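The structure under discussion appears below in the form of structure tokens.
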Amino acid sequence: MSSTFTSNQPIHALTHAWLGTANASQSVERKDGVEVRRNLITNPNFETNTTGWSPLQSTLTRVTTEAHSGSAALRMTPTSSGNAGMSLSSQPAISEGDSYTLSLWVKVPADLSREYRVTLWAYDANGVPIGQPSASATTIRYATEWAQISSTYNAPAGAVSLRVQFQSNGGVAASDLLYIDDVLLISGTDTSYFDGSSPTTGELPNIQPVLVTQWAASSQSRHIVHDVLGTPWPAITLQPAGPRTGTMSALFTSELDAADFFTMLRGTAVLTFSDTDTLTTAMQFVATDAIQMAPDSQDSRRWVVTFGYMEVQS
């Protein structure tokens, strides 16, 4: 069984905050008050200016005629036939051995003369580049509406800072024009954009336990039987049976995953259960009776959530 439980009710609050001046400092995303991601780009959205970004044989201009989010974006145009682009003016601090992902949203009104890509390169404490630069997992060249491109980089031993560039892979034409917005540099691979001005959101649960066991269903018959004098046969009023009810247990490899499911079951939303191997188990339901969470009796590193359920209509 490969089972999934979903809900349209958030189980975690995601809040965002600048660590200093808005649009000019790093920002953090917190889940239930605990930091889970940090955007290392101090001016990621160009809402105020282009400070923090250096042109590479190009002109960088803040514009309000285009924006992926907010009200402004950066326009980049070449100033020569060389490798045009831009880079971060300073190099964010990183930790050796960690994985970092740089992503940005780009709009290309007309086909470009060359591909443009992200390059990341680690530097040591003496300001010397070490290891090999990354190549973008994605590039952009042809006319498109806003599209996200990204590059993931594993910081080598001795890395203390990261050079960030977005540049063509060869000489370009003066007609090249790109709009750039919503730049994100994080430890990890989640490229969903945020900055300190992003609104509070909720994390919708989509929970997949290792195993669902003890699935059992019953349905209470509701036919009404009337004894009739003078005949051995009763009169029957036919009624549809009640909804499916029963119990389920879900096994998880971590306490946090089990706690998320426990929280979801305790909420006020109608939940959905589906399974890739069976069709008859799929349903919408609410939890009933006791909802229990405990370490697995066979392996205390695993956790089990057991609950009663009743099928409902949406």
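Residue numbering restarts at 1 for every chain of the structure tokens, chains are lettered A, B, ... in their displayed order, and ligands are numbered from 1 as they appear.
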
Residue neighbourhood range 210-217 of chain A, 10 Å, only C-alpha atoms, exclusion window fewer than 4 positions, as a CSV table (one decimal) with N, CA and C atoms, in the first residue's frame:
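What landed in part-v6.csv:
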chain,number,residue,atom,x,y,z
A,1,MET,N,0.8,-1.2,0.0
A,1,MET,CA,0.0,0.0,0.0
A,1,MET,C,0.9,1.2,0.0
A,2,SER,N,0.6,2.2,-0.9
A,2,SER,CA,1.2,3.5,-0.9
A,2,SER,C,0.1,4.5,-0.7
A,3,SER,N,0.0,4.9,0.5
A,3,SER,CA,-1.2,5.7,0.9
A,3,SER,C,-0.9,7.2,1.1
A,4,THR,N,-1.9,8.0,0.9
A,4,THR,CA,-1.7,9.4,1.1
A,4,THR,C,-2.9,10.0,1.8
A,243,PRO,N,-22.7,5.3,6.6
A,243,PRO,CA,-21.4,5.5,6.0
A,243,PRO,C,-20.4,4.4,6.6
A,244,ARG,N,-19.3,4.3,5.8
A,244,ARG,CA,-18.3,3.4,6.3
A,244,ARG,C,-17.6,4.0,7.6
A,245,THR,N,-17.4,3.1,8.6
A,245,THR,CA,-16.7,3.5,9.8
A,245,THR,C,-15.7,2.4,10.1
A,246,GLY,N,-14.7,2.7,10.9
A,246,GLY,CA,-13.7,1.7,11.2
A,246,GLY,C,-12.5,2.3,11.9
A,247,THR,N,-11.4,1.6,11.8
A,247,THR,CA,-10.2,2.1,12.4
A,247,THR,C,-9.0,2.0,11.4
A,248,MET,N,-8.0,2.8,11.6
A,248,MET,CA,-6.8,2.7,10.8
A,248,MET,C,-5.6,3.0,11.7
A,249,SER,N,-4.5,2.5,11.3
A,249,SER,CA,-3.2,2.8,11.9
A,249,SER,C,-2.2,3.2,10.9
A,250,ALA,N,-1.5,4.3,11.1
A,250,ALA,CA,-0.5,4.8,10.1
A,250,ALA,C,0.9,4.8,10.7
A,251,LEU,N,1.9,4.1,10.0
A,251,LEU,CA,3.2,4.0,10.6
A,251,LEU,C,4.1,5.0,9.9
A,252,PHE,N,5.0,5.7,10.7
A,252,PHE,CA,5.9,6.7,10.3
A,252,PHE,C,7.3,6.4,10.7
A,253,THR,N,8.3,6.9,9.9
A,253,THR,CA,9.7,6.7,10.3
A,253,THR,C,10.2,7.8,11.2
A,275,ASP,N,-5.1,5.5,-2.0
A,275,ASP,CA,-4.0,4.5,-2.0
A,275,ASP,C,-3.8,4.0,-3.5
A,281,THR,N,-10.6,1.6,-1.0
A,281,THR,CA,-10.3,2.3,0.3
A,281,THR,C,-10.4,3.8,0.2
A,302,ARG,N,10.3,4.3,15.2
A,302,ARG,CA,9.1,4.6,14.4
A,302,ARG,C,7.9,5.0,15.3
A,304,VAL,N,3.5,5.4,15.5
A,304,VAL,CA,2.2,4.9,15.0
A,304,VAL,C,1.1,5.8,15.4
A,305,VAL,N,0.2,6.2,14.5
A,305,VAL,CA,-1.0,7.0,14.8
A,305,VAL,C,-2.2,6.1,14.5
A,306,THR,N,-3.0,5.9,15.5
A,306,THR,CA,-4.2,5.1,15.4
A,306,THR,C,-5.4,5.9,15.6
A,308,GLY,N,-10.0,6.2,14.8
A,308,GLY,CA,-11.3,5.8,14.2
A,308,GLY,C,-11.7,6.8,13.1
A,309,TYR,N,-12.5,6.4,12.2
A,309,TYR,CA,-12.9,7.2,11.1
A,309,TYR,C,-14.4,7.0,10.8
A,310,MET,N,-14.9,8.0,10.1
A,310,MET,CA,-16.3,7.9,9.5
A,310,MET,C,-16.2,8.5,8.2
A,311,GLU,N,-16.7,7.8,7.1
A,311,GLU,CA,-16.7,8.4,5.8
A,311,GLU,C,-17.8,9.5,5.7

**Report entry** Shell around Ser69 in chain A at 10 Å using only C-alpha atoms, local window under 2 positions removed, as a list in words
**Finding:**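 The filter keeps Asn45, Glu47, Glu66, Ala67, Ser71, Ala72, Ala73, Trp105, Asp181, Asp182, Tyr193 and Ser198 of chain A.
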
Tell me, counting only C-alpha atoms, for each residue of range 131-222 of chain A within 10 Å of range 14-18 of chain A, which pair of atoms is nearest and how far apart they are in Å to one decimal, in rows ordered by chain and increasing number, as CSV.
residue,atom,partner,partner_atom,distance
A:Phe194,CA,A:His16,CA,7.6
A:Asp195,CA,A:His16,CA,6.7
A:Gly196,CA,A:Ala17,CA,3.9
A:Ser197,CA,A:Ala17,CA,6.6
A:Ser198,CA,A:His16,CA,6.0
A:Pro199,CA,A:Thr15,CA,6.9
A:Thr200,CA,A:Thr15,CA,4.6
A:Thr201,CA,A:Leu14,CA,5.1
A:Gly202,CA,A:Leu14,CA,5.7
A:Glu203,CA,A:Leu14,CA,6.8

With N, CA and C atoms retained, could you export that selection as a PDB file, in the first residue's frame?
ATOM      1  N   PHE A 194      10.476  33.355  -1.355  1.00  0.00           N
ATOM      2  CA  PHE A 194       9.984  34.179  -0.255  1.00  0.00           C
ATOM      3  C   PHE A 194      10.998  35.273   0.028  1.00  0.00           C
ATOM      4  N   ASP A 195      10.524  36.356   0.616  1.00  0.00           N
ATOM      5  CA  ASP A 195      11.388  37.359   1.231  1.00  0.00           C
ATOM      6  C   ASP A 195      10.685  37.825   2.494  1.00  0.00           C
ATOM      7  N   GLY A 196      11.262  38.809   3.160  1.00  0.00           N
ATOM      8  CA  GLY A 196      10.703  39.236   4.436  1.00  0.00           C
ATOM      9  C   GLY A 196       9.344  39.884   4.353  1.00  0.00           C
ATOM     10  N   SER A 197       8.910  40.267   3.141  1.00  0.00           N
ATOM     11  CA  SER A 197       7.597  40.879   2.970  1.00  0.00           C
ATOM     12  C   SER A 197       6.534  39.884   2.541  1.00  0.00           C
ATOM     13  N   SER A 198       6.911  38.625   2.335  1.00  0.00           N
ATOM     14  CA  SER A 198       5.923  37.618   1.930  1.00  0.00           C
ATOM     15  C   SER A 198       4.881  37.456   3.028  1.00  0.00           C
ATOM     16  N   PRO A 199       3.615  37.310   2.671  1.00  0.00           N
ATOM     17  CA  PRO A 199       2.570  37.181   3.690  1.00  0.00           C
ATOM     18  C   PRO A 199       2.661  35.851   4.428  1.00  0.00           C
ATOM     19  N   THR A 200       2.036  35.802   5.587  1.00  0.00           N
ATOM     20  CA  THR A 200       1.931  34.541   6.320  1.00  0.00           C
ATOM     21  C   THR A 200       1.097  33.560   5.510  1.00  0.00           C
ATOM     22  N   THR A 201       1.584  32.353   5.408  1.00  0.00           N
ATOM     23  CA  THR A 201       0.858  31.314   4.680  1.00  0.00           C
ATOM     24  C   THR A 201       0.721  30.088   5.567  1.00  0.00           C
ATOM     25  N   GLY A 202      -0.065  29.143   5.104  1.00  0.00           N
ATOM     26  CA  GLY A 202      -0.225  27.889   5.822  1.00  0.00           C
ATOM     27  C   GLY A 202       0.307  26.739   4.996  1.00  0.00           C
ATOM     28  N   GLU A 203       0.928  25.795   5.654  1.00  0.00           N
ATOM     29  CA  GLU A 203       1.455  24.621   4.964  1.00  0.00           C
ATOM     30  C   GLU A 203       0.373  23.551   4.933  1.00  0.00           C
TER      31      GLU A 203
END

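Taking only C-alpha atoms into account, Thr42 in chain A lies nearest to A:Leu185 out of the set A:Ala269, A:Leu185, A:Leu162, A:Val225.
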
Query - For CA of Trp146 in chain A and CA of Ser7 in chain A, the interatomic separation in Å (one decimal) - result: 29.8 Å

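Closest to Gly158 in chain A among A:Leu88, A:Leu279, A:Ala259, A:Ala122 is A:Ala122, based on only C-alpha atoms.
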
Which residues, written as a compact mmCIF listing (two decimals) with N, CA and C atoms, in the first residue's frame, have at least one atom at most 10 Å from Thr144 in chain A, with only C-alpha atoms counted and residues fewer than 3 positions away on the same chain left out?
# COMPACT_ATOMS: atom_id res chain seq x y z
N VAL A 106 12.97 34.89 -14.56
CA VAL A 106 13.44 35.66 -15.71
C VAL A 106 12.33 35.73 -16.75
N LYS A 107 12.19 36.91 -17.36
CA LYS A 107 11.28 37.09 -18.48
C LYS A 107 12.07 37.57 -19.69
N VAL A 108 11.87 36.92 -20.82
CA VAL A 108 12.59 37.23 -22.05
C VAL A 108 11.57 37.63 -23.12
N PRO A 109 11.45 38.93 -23.43
CA PRO A 109 10.44 39.37 -24.40
C PRO A 109 10.72 38.88 -25.82
N ALA A 110 11.99 38.74 -26.20
CA ALA A 110 12.36 38.28 -27.54
C ALA A 110 13.55 37.34 -27.41
N ASP A 111 13.73 36.45 -28.39
CA ASP A 111 14.80 35.47 -28.33
C ASP A 111 16.15 36.14 -28.11
N ILE A 140 18.16 29.88 -19.96
CA ILE A 140 17.08 30.57 -20.66
C ILE A 140 17.65 31.26 -21.90
N ARG A 141 16.91 31.19 -23.00
CA ARG A 141 17.34 31.85 -24.23
C ARG A 141 16.17 32.35 -25.06
N ALA A 147 9.80 32.73 -16.16
CA ALA A 147 10.23 31.35 -15.96
C ALA A 147 11.33 31.32 -14.90

Quick one: residues within 10 Å of range 79-82 of chain A, only C-alpha atoms, excluding same-chain residues fewer than 6 positions away - as a PDB file with all heavy atoms, in the first residue's frame?
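Result file follows (around-v9.pdb):
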ATOM      1  N   PRO A  55      26.832  45.074 -12.460  1.00  0.00           N
ATOM      2  CA  PRO A  55      26.683  44.706 -13.866  1.00  0.00           C
ATOM      3  C   PRO A  55      27.955  44.063 -14.418  1.00  0.00           C
ATOM      4  O   PRO A  55      29.064  44.409 -14.007  1.00  0.00           O
ATOM      5  CB  PRO A  55      26.405  46.040 -14.545  1.00  0.00           C
ATOM      6  CG  PRO A  55      27.067  47.053 -13.658  1.00  0.00           C
ATOM      7  CD  PRO A  55      26.951  46.533 -12.263  1.00  0.00           C
ATOM      8  N   LEU A  56      27.789  43.126 -15.316  1.00  0.00           N
ATOM      9  CA  LEU A  56      28.894  42.512 -16.048  1.00  0.00           C
ATOM     10  C   LEU A  56      28.668  42.809 -17.534  1.00  0.00           C
ATOM     11  O   LEU A  56      27.874  42.153 -18.194  1.00  0.00           O
ATOM     12  CB  LEU A  56      28.942  40.993 -15.804  1.00  0.00           C
ATOM     13  CG  LEU A  56      29.070  40.544 -14.350  1.00  0.00           C
ATOM     14  CD1 LEU A  56      28.909  39.031 -14.237  1.00  0.00           C
ATOM     15  CD2 LEU A  56      30.403  40.992 -13.773  1.00  0.00           C
ATOM     16  N   GLN A  57      29.331  43.854 -18.021  1.00  0.00           N
ATOM     17  CA  GLN A  57      29.159  44.322 -19.403  1.00  0.00           C
ATOM     18  C   GLN A  57      27.669  44.480 -19.744  1.00  0.00           C
ATOM     19  O   GLN A  57      27.187  44.028 -20.773  1.00  0.00           O
ATOM     20  CB  GLN A  57      29.836  43.364 -20.386  1.00  0.00           C
ATOM     21  CG  GLN A  57      31.329  43.204 -20.124  1.00  0.00           C
ATOM     22  CD  GLN A  57      32.033  42.428 -21.219  1.00  0.00           C
ATOM     23  OE1 GLN A  57      32.225  42.930 -22.335  1.00  0.00           O
ATOM     24  NE2 GLN A  57      32.418  41.208 -20.902  1.00  0.00           N
ATOM     25  N   SER A  58      26.962  45.117 -18.808  1.00  0.00           N
ATOM     26  CA  SER A  58      25.526  45.327 -18.983  1.00  0.00           C
ATOM     27  C   SER A  58      25.096  46.539 -18.180  1.00  0.00           C
ATOM     28  O   SER A  58      25.874  47.105 -17.406  1.00  0.00           O
ATOM     29  CB  SER A  58      24.744  44.097 -18.506  1.00  0.00           C
ATOM     30  OG  SER A  58      24.850  43.963 -17.100  1.00  0.00           O
ATOM     31  N   THR A  59      23.859  46.930 -18.384  1.00  0.00           N
ATOM     32  CA  THR A  59      23.223  47.983 -17.601  1.00  0.00           C
ATOM     33  C   THR A  59      22.087  47.376 -16.800  1.00  0.00           C
ATOM     34  O   THR A  59      21.264  46.630 -17.347  1.00  0.00           O
ATOM     35  CB  THR A  59      22.678  49.100 -18.511  1.00  0.00           C
ATOM     36  OG1 THR A  59      23.750  49.690 -19.233  1.00  0.00           O
ATOM     37  CG2 THR A  59      21.972  50.167 -17.692  1.00  0.00           C
ATOM     38  N   SER A 168      25.628  35.379 -19.706  1.00  0.00           N
ATOM     39  CA  SER A 168      25.552  34.648 -20.970  1.00  0.00           C
ATOM     40  C   SER A 168      26.744  33.711 -21.091  1.00  0.00           C
ATOM     41  O   SER A 168      27.782  33.907 -20.460  1.00  0.00           O
ATOM     42  CB  SER A 168      25.538  35.632 -22.145  1.00  0.00           C
ATOM     43  OG  SER A 168      26.788  36.305 -22.219  1.00  0.00           O
ATOM     44  N   ASN A 169      26.608  32.692 -21.935  1.00  0.00           N
ATOM     45  CA  ASN A 169      27.711  31.745 -22.115  1.00  0.00           C
ATOM     46  C   ASN A 169      28.535  32.064 -23.361  1.00  0.00           C
ATOM     47  O   ASN A 169      29.201  31.205 -23.926  1.00  0.00           O
ATOM     48  CB  ASN A 169      27.193  30.306 -22.196  1.00  0.00           C
ATOM     49  CG  ASN A 169      26.337  30.055 -23.429  1.00  0.00           C
ATOM     50  OD1 ASN A 169      25.954  31.003 -24.125  1.00  0.00           O
ATOM     51  ND2 ASN A 169      26.046  28.801 -23.712  1.00  0.00           N
ATOM     52  N   GLY A 170      28.501  33.322 -23.772  1.00  0.00           N
ATOM     53  CA  GLY A 170      29.279  33.768 -24.921  1.00  0.00           C
ATOM     54  C   GLY A 170      28.932  35.203 -25.260  1.00  0.00           C
ATOM     55  O   GLY A 170      28.118  35.849 -24.586  1.00  0.00           O
ATOM     56  N   GLY A 171      29.574  35.723 -26.305  1.00  0.00           N
ATOM     57  CA  GLY A 171      29.291  37.088 -26.732  1.00  0.00           C
ATOM     58  C   GLY A 171      27.844  37.260 -27.147  1.00  0.00           C
ATOM     59  O   GLY A 171      27.233  36.363 -27.735  1.00  0.00           O
ATOM     60  N   VAL A 172      27.279  38.416 -26.823  1.00  0.00           N
ATOM     61  CA  VAL A 172      25.851  38.630 -27.033  1.00  0.00           C
ATOM     62  C   VAL A 172      25.605  39.802 -27.987  1.00  0.00           C
ATOM     63  O   VAL A 172      26.521  40.550 -28.342  1.00  0.00           O
ATOM     64  CB  VAL A 172      25.138  38.911 -25.694  1.00  0.00           C
ATOM     65  CG1 VAL A 172      25.292  37.731 -24.758  1.00  0.00           C
ATOM     66  CG2 VAL A 172      25.690  40.179 -25.053  1.00  0.00           C
ATOM     67  N   ALA A 173      24.351  39.940 -28.351  1.00  0.00           N
ATOM     68  CA  ALA A 173      23.920  41.056 -29.194  1.00  0.00           C
ATOM     69  C   ALA A 173      23.398  42.182 -28.311  1.00  0.00           C
ATOM     70  O   ALA A 173      22.884  41.947 -27.206  1.00  0.00           O
ATOM     71  CB  ALA A 173      22.836  40.599 -30.162  1.00  0.00           C
ATOM     72  N   ALA A 174      23.514  43.399 -28.809  1.00  0.00           N
ATOM     73  CA  ALA A 174      23.048  44.561 -28.043  1.00  0.00           C
ATOM     74  C   ALA A 174      21.541  44.539 -27.837  1.00  0.00           C
ATOM     75  O   ALA A 174      21.018  45.221 -26.954  1.00  0.00           O
ATOM     76  CB  ALA A 174      23.463  45.847 -28.760  1.00  0.00           C
ATOM     77  N   SER A 175      20.847  43.740 -28.643  1.00  0.00           N
ATOM     78  CA  SER A 175      19.384  43.690 -28.562  1.00  0.00           C
ATOM     79  C   SER A 175      18.896  42.782 -27.428  1.00  0.00           C
ATOM     80  O   SER A 175      17.696  42.762 -27.132  1.00  0.00           O
ATOM     81  CB  SER A 175      18.803  43.199 -29.890  1.00  0.00           C
ATOM     82  OG  SER A 175      19.314  41.918 -30.211  1.00  0.00           O
ATOM     83  N   ASP A 176      19.793  42.028 -26.804  1.00  0.00           N
ATOM     84  CA  ASP A 176      19.359  41.153 -25.714  1.00  0.00           C
ATOM     85  C   ASP A 176      18.731  41.978 -24.589  1.00  0.00           C
ATOM     86  O   ASP A 176      19.278  43.006 -24.178  1.00  0.00           O
ATOM     87  CB  ASP A 176      20.545  40.367 -25.154  1.00  0.00           C
ATOM     88  CG  ASP A 176      20.913  39.186 -26.032  1.00  0.00           C
ATOM     89  OD1 ASP A 176      20.281  39.004 -27.086  1.00  0.00           O
ATOM     90  OD2 ASP A 176      21.833  38.433 -25.644  1.00  0.00           O
TER      91      ASP A 176
END

Query raised in the report: So which one's closest to Gln91 in chain A, A:Ser161, A:Ser192, A:Gln292, A:Gln167? Using only C-alpha atoms, please.
Result: A:Ser161

Query raised in the report: Near Ser150 in chain A, within 6 Å and counting only C-alpha atoms, which residues show up once chain neighbours fewer than 5 positions away are dropped, as a list of chain:residue names?
Result: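 So, after excluding close chain neighbours, the residues are A:Leu102, A:Ser103, A:Thr138.
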
Query - Atomic distance CA of Glu145 in chain A - CA of Leu40 in chain A, expressed in Å with one decimal - result: 25.7 Å

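Here the question is which of A:Leu19, A:Leu104, A:Val312, A:Met293 gets nearest to Ile186 in chain A using only C-alpha atoms, and that residue is A:Leu104.
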
Query raised in the report: Smallest atom-to-atom distance to Arg75 in chain A: which of A:Ile236, A:Ile130, A:Val228, A:Arg62, using only C-alpha atoms?
Result: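 When distances to Arg75 in chain A are compared using only C-alpha atoms, the smallest one comes from A:Arg62.
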
Report task. Quick one: pull the distance between CA of Gly267 in chain A and CA of Gln9 in chain A, Å, one decimal. Result -> 7.7 Å

Requested in this report: Apply DSSP to the structure's backbone, then extract all residues of range 55-243 of chain A labelled strand (DSSP E or B) and return them as a ChimeraX atom specification.
Outcome: /A:55-56,58-63,73-78,85-88,93,99-108,116-123,129-130,139-140,144-154,161-168,178-187,201-203,206-207,211-218,224-226,235-237

Query - Phe166 in chain A environment, 6 Å, only C-alpha atoms, sequence neighbours closer than 5 positions dropped, as an MDAnalysis selection string - result: chainID A and resid 85:86 117:118

Next, the residues of the selection above should be written as a PDB file, in the first residue's frame with all heavy atoms.
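As written to disk, selection.pdb reads:
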ATOM      1  N   GLY A  85      25.938  40.118 -18.195  1.00  0.00           N
ATOM      2  CA  GLY A  85      25.275  39.528 -17.054  1.00  0.00           C
ATOM      3  C   GLY A  85      25.337  40.412 -15.834  1.00  0.00           C
ATOM      4  O   GLY A  85      25.491  41.635 -15.931  1.00  0.00           O
ATOM      5  N   MET A  86      25.242  39.788 -14.665  1.00  0.00           N
ATOM      6  CA  MET A  86      25.308  40.522 -13.415  1.00  0.00           C
ATOM      7  C   MET A  86      25.792  39.561 -12.334  1.00  0.00           C
ATOM      8  O   MET A  86      25.751  38.332 -12.496  1.00  0.00           O
ATOM      9  CB  MET A  86      23.946  41.099 -13.044  1.00  0.00           C
ATOM     10  CG  MET A  86      22.896  40.058 -12.729  1.00  0.00           C
ATOM     11  SD  MET A  86      21.307  40.834 -12.321  1.00  0.00           S
ATOM     12  CE  MET A  86      20.425  39.440 -11.595  1.00  0.00           C
ATOM     13  N   ARG A 117      22.775  31.757 -17.936  1.00  0.00           N
ATOM     14  CA  ARG A 117      22.711  30.747 -16.892  1.00  0.00           C
ATOM     15  C   ARG A 117      23.293  31.274 -15.590  1.00  0.00           C
ATOM     16  O   ARG A 117      24.006  32.268 -15.563  1.00  0.00           O
ATOM     17  CB  ARG A 117      23.478  29.500 -17.325  1.00  0.00           C
ATOM     18  CG  ARG A 117      24.982  29.723 -17.492  1.00  0.00           C
ATOM     19  CD  ARG A 117      25.645  28.455 -18.018  1.00  0.00           C
ATOM     20  NE  ARG A 117      25.162  28.129 -19.355  1.00  0.00           N
ATOM     21  CZ  ARG A 117      25.232  26.913 -19.894  1.00  0.00           C
ATOM     22  NH1 ARG A 117      25.735  25.922 -19.202  1.00  0.00           N
ATOM     23  NH2 ARG A 117      24.786  26.694 -21.112  1.00  0.00           N
ATOM     24  N   VAL A 118      22.967  30.563 -14.508  1.00  0.00           N
ATOM     25  CA  VAL A 118      23.502  30.874 -13.189  1.00  0.00           C
ATOM     26  C   VAL A 118      24.815  30.121 -12.994  1.00  0.00           C
ATOM     27  O   VAL A 118      24.945  28.959 -13.379  1.00  0.00           O
ATOM     28  CB  VAL A 118      22.510  30.462 -12.087  1.00  0.00           C
ATOM     29  CG1 VAL A 118      23.135  30.603 -10.710  1.00  0.00           C
ATOM     30  CG2 VAL A 118      21.236  31.290 -12.179  1.00  0.00           C
TER      31      VAL A 118
END

Requested in this report: Determine the nearest neighbour of Asn49 in chain A from the options A:Pro234, A:Ala93, A:Val270, A:Thr64, counting only C-alpha atoms.
Outcome: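 Looking at the shortest contact to Asn49 in chain A, the residue is A:Thr64.
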
Requested in this report: Would you list, as a list in words, the residues of range 49-269 of chain A that end up in helix (DSSP H, G or I) under DSSP run on this structure's backbone?
Outcome: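 Helix (DSSP H, G or I) members of range 49-269 of chain A, listed: Glu255, Leu256, Asp257, Ala258, Ala259, Asp260, Phe261, Phe262, Thr263, Met264 and Leu265 of chain A.
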
Query - 10 Å contact set for Pro133 in chain A, only C-alpha atoms, chain neighbours under 4 positions out, as an MDAnalysis selection string - result: chainID A and resid 118:122 129 153:155 162:164

Residue subset to file, keeping all heavy atoms, as a short mmCIF file (atom, residue, chain, number, x, y, z; two decimals), in the first residue's frame:
data_model
loop_
_atom_site.label_atom_id
_atom_site.label_comp_id
_atom_site.auth_asym_id
_atom_site.auth_seq_id
_atom_site.Cartn_x
_atom_site.Cartn_y
_atom_site.Cartn_z
N VAL A 118 22.97 30.56 -14.51
CA VAL A 118 23.50 30.87 -13.19
C VAL A 118 24.82 30.12 -12.99
O VAL A 118 24.94 28.96 -13.38
CB VAL A 118 22.51 30.46 -12.09
CG1 VAL A 118 23.14 30.60 -10.71
CG2 VAL A 118 21.24 31.29 -12.18
N THR A 119 25.81 30.80 -12.39
CA THR A 119 27.06 30.15 -12.01
C THR A 119 27.34 30.44 -10.55
O THR A 119 27.25 31.59 -10.11
CB THR A 119 28.24 30.65 -12.86
OG1 THR A 119 27.98 30.40 -14.24
CG2 THR A 119 29.52 29.93 -12.48
N LEU A 120 27.66 29.40 -9.80
CA LEU A 120 28.01 29.53 -8.38
C LEU A 120 29.42 28.99 -8.18
O LEU A 120 29.80 27.96 -8.74
CB LEU A 120 27.03 28.74 -7.51
CG LEU A 120 25.54 29.08 -7.69
CD1 LEU A 120 24.69 28.15 -6.84
CD2 LEU A 120 25.28 30.52 -7.32
N TRP A 121 30.22 29.70 -7.35
CA TRP A 121 31.60 29.31 -7.15
C TRP A 121 32.01 29.64 -5.72
O TRP A 121 31.80 30.76 -5.25
CB TRP A 121 32.52 30.03 -8.13
CG TRP A 121 33.82 29.33 -8.37
CD1 TRP A 121 34.43 28.43 -7.55
CD2 TRP A 121 34.68 29.46 -9.51
NE1 TRP A 121 35.60 27.99 -8.09
CE2 TRP A 121 35.79 28.61 -9.31
CE3 TRP A 121 34.62 30.22 -10.68
CZ2 TRP A 121 36.83 28.50 -10.22
CZ3 TRP A 121 35.65 30.11 -11.60
CH2 TRP A 121 36.74 29.26 -11.37
N ALA A 122 32.59 28.67 -5.01
CA ALA A 122 32.98 28.86 -3.62
C ALA A 122 34.34 29.53 -3.52
O ALA A 122 35.22 29.34 -4.37
CB ALA A 122 33.01 27.52 -2.90
N PRO A 129 39.17 31.38 -5.10
CA PRO A 129 38.17 30.40 -5.54
C PRO A 129 38.69 28.98 -5.39
O PRO A 129 39.87 28.70 -5.63
CB PRO A 129 37.94 30.75 -7.01
CG PRO A 129 39.14 31.52 -7.43
CD PRO A 129 39.62 32.25 -6.22
N TYR A 153 24.47 23.83 -5.76
CA TYR A 153 25.93 23.77 -5.60
C TYR A 153 26.27 23.16 -4.26
O TYR A 153 25.74 23.57 -3.22
CB TYR A 153 26.50 25.18 -5.70
CG TYR A 153 28.00 25.27 -5.63
CD1 TYR A 153 28.79 24.85 -6.70
CD2 TYR A 153 28.63 25.80 -4.51
CE1 TYR A 153 30.18 24.95 -6.64
CE2 TYR A 153 30.01 25.92 -4.45
CZ TYR A 153 30.78 25.48 -5.52
OH TYR A 153 32.15 25.59 -5.46
N ASN A 154 27.17 22.19 -4.25
CA ASN A 154 27.65 21.59 -3.01
C ASN A 154 28.97 22.27 -2.61
O ASN A 154 29.96 22.17 -3.34
CB ASN A 154 27.86 20.09 -3.19
CG ASN A 154 26.56 19.36 -3.45
OD1 ASN A 154 25.54 19.63 -2.81
ND2 ASN A 154 26.57 18.43 -4.39
N ALA A 155 28.96 22.94 -1.49
CA ALA A 155 30.14 23.70 -1.06
C ALA A 155 31.28 22.76 -0.69
O ALA A 155 31.12 21.89 0.17
CB ALA A 155 29.77 24.58 0.12
N LEU A 162 30.33 32.47 -1.19
CA LEU A 162 29.86 32.01 -2.50
C LEU A 162 29.73 33.18 -3.46
O LEU A 162 29.09 34.19 -3.15
CB LEU A 162 28.49 31.33 -2.34
CG LEU A 162 27.94 30.59 -3.55
CD1 LEU A 162 28.81 29.38 -3.89
CD2 LEU A 162 26.50 30.14 -3.29
N ARG A 163 30.35 33.04 -4.63
CA ARG A 163 30.19 34.02 -5.70
C ARG A 163 28.99 33.62 -6.55
O ARG A 163 28.84 32.46 -6.94
CB ARG A 163 31.43 34.10 -6.57
CG ARG A 163 31.31 35.09 -7.73
CD ARG A 163 32.62 35.29 -8.47
NE ARG A 163 32.48 36.13 -9.65
CZ ARG A 163 32.41 37.45 -9.63
NH1 ARG A 163 32.48 38.09 -8.48
NH2 ARG A 163 32.29 38.15 -10.75
N VAL A 164 28.12 34.60 -6.82
CA VAL A 164 26.89 34.35 -7.56
C VAL A 164 26.89 35.18 -8.84
O VAL A 164 27.03 36.41 -8.78
CB VAL A 164 25.64 34.69 -6.72
CG1 VAL A 164 24.37 34.55 -7.53
CG2 VAL A 164 25.59 33.82 -5.47
#
